[in-house]
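For reference, the structure discussed in these notes is given below.
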Amino acid sequence: GSGWAWLTLNAKGELDVITTANQDMAASVGHVPLLGIDAWEHAFYLDYMNVKMDYFKNIWRVVNWKDVARRYDEAVAQQAK
(Lines give C-alpha, C1' and ligand atoms only; values in the text may rest on other atoms or scores of the structure.)
Protein backbone atom coordinates (compact mmCIF):
# COMPACT_ATOMS: atom_id res chain seq x y z
CA GLY A 1 0.00 0.00 0.00
CA SER A 2 0.90 3.62 0.09
CA GLY A 3 2.10 5.58 3.07
CA TRP A 4 5.07 6.14 5.31
CA ALA A 5 7.17 4.37 7.94
CA TRP A 6 8.49 6.63 10.69
CA LEU A 7 11.06 6.64 13.46
CA THR A 8 9.58 9.08 15.93
CA LEU A 9 9.73 10.45 19.43
CA ASN A 10 6.38 9.93 21.11
CA ALA A 11 4.74 12.13 23.75
CA LYS A 12 6.34 10.04 26.54
CA GLY A 13 9.81 10.86 25.17
CA GLU A 14 10.33 7.32 23.85
CA LEU A 15 11.52 6.24 20.42
CA ASP A 16 8.72 4.68 18.42
CA VAL A 17 8.28 3.14 14.98
CA ILE A 18 4.91 3.89 13.40
CA THR A 19 3.28 3.85 9.99
CA THR A 20 0.85 6.32 8.49
CA ALA A 21 -1.39 5.89 5.49
CA ASN A 22 -1.38 7.96 2.34
CA GLN A 23 0.00 11.46 2.92
CA ASP A 24 -0.51 11.48 6.70
CA MET A 25 2.48 12.71 8.69
CA ALA A 26 3.79 11.44 12.03
CA ALA A 27 3.01 14.80 13.62
CA SER A 28 -0.67 14.30 12.77
CA VAL A 29 -0.78 11.51 15.37
CA GLY A 30 1.21 13.40 18.02
CA HIS A 31 4.70 12.10 17.24
CA VAL A 32 7.84 14.06 16.42
CA PRO A 33 9.28 12.70 13.15
CA LEU A 34 12.97 11.80 13.26
CA LEU A 35 13.15 9.72 10.07
CA GLY A 36 10.51 9.16 7.42
CA ILE A 37 10.62 6.45 4.78
CA ASP A 38 8.34 6.97 1.81
CA ALA A 39 6.52 3.75 0.88
CA TRP A 40 4.66 5.18 -2.10
CA GLU A 41 5.38 3.58 -5.44
CA HIS A 42 6.99 6.75 -6.84
CA ALA A 43 9.76 6.44 -4.21
CA PHE A 44 11.06 3.09 -5.45
CA TYR A 45 9.59 2.15 -8.82
CA LEU A 46 12.27 3.54 -11.15
CA ASP A 47 15.13 1.86 -9.28
CA TYR A 48 13.41 -1.26 -7.93
CA MET A 49 10.41 -1.74 -10.24
CA ASN A 50 7.83 -3.52 -8.13
CA VAL A 51 10.27 -5.13 -5.66
CA LYS A 52 9.47 -2.89 -2.72
CA MET A 53 11.40 -5.12 -0.29
CA ASP A 54 14.68 -4.36 -2.10
CA TYR A 55 13.96 -0.64 -1.69
CA PHE A 56 13.46 -1.12 2.05
CA LYS A 57 16.63 -3.21 2.35
CA ASN A 58 18.70 -0.55 0.57
CA ILE A 59 17.22 2.61 2.09
CA TRP A 60 19.52 2.19 5.10
CA ARG A 61 22.53 2.89 2.87
CA VAL A 62 21.42 6.50 2.39
CA VAL A 63 20.02 7.42 5.81
CA ASN A 64 21.92 10.33 7.33
CA TRP A 65 22.07 9.15 10.93
CA LYS A 66 23.77 12.37 12.07
CA ASP A 67 20.67 14.29 10.97
CA VAL A 68 18.41 11.76 12.68
CA ALA A 69 20.47 12.10 15.89
CA ARG A 70 20.30 15.90 15.67
CA ARG A 71 16.51 15.78 15.27
CA TYR A 72 16.32 13.43 18.26
CA ASP A 73 18.42 15.72 20.43
CA GLU A 74 16.34 18.75 19.43
CA ALA A 75 13.05 16.92 20.08
CA VAL A 76 14.20 15.69 23.51
CA ALA A 77 15.31 19.22 24.44
CA GLN A 78 11.99 20.66 23.26
CA GLN A 79 10.01 18.11 25.29
CA ALA A 80 12.07 18.97 28.40
CA LYS A 81 10.87 22.60 28.26
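Chain lettering (A, B, ...) mirrors the order of the C-alpha coordinates, residue numbering begins at 1 for each chain separately, and ligand numbering begins at 1 in order of display.
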Report as a PyMOL selection string all protein, DNA and RNA residues lying within 7 Å of Val17 of chain A, evaluated on only C-alpha atoms, omitting residues in the same chain fewer than 5 positions from it. chain A and resi 6-8
Near segment 36-47 of chain A, within 6 Å and counting only C-alpha atoms, which residues show up once chain neighbours fewer than 3 positions away are dropped, as a list of chain:residue names? A:Ser2, A:Gly3, A:Trp4, A:Ala5, A:Trp6, A:Asn50
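You can rank A:Leu9, A:Met49, A:Leu15, A:Ala69 by their closest distance to Val32 of chain A using only C-alpha atoms, and at the top of that list sits A:Leu9.
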Point-to-point distance in Å for atom CA of Gln79 of chain A and atom CA of Ala11 of chain A: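 Spanning atom CA of Ala11 of chain A to atom CA of Gln79 of chain A is a straight-line distance of 8.1 Å.
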Can you work out the spacing between atom CA of Val76 of chain A and atom CA of Ala26 of chain A in Å, to one decimal? 16.1 Å
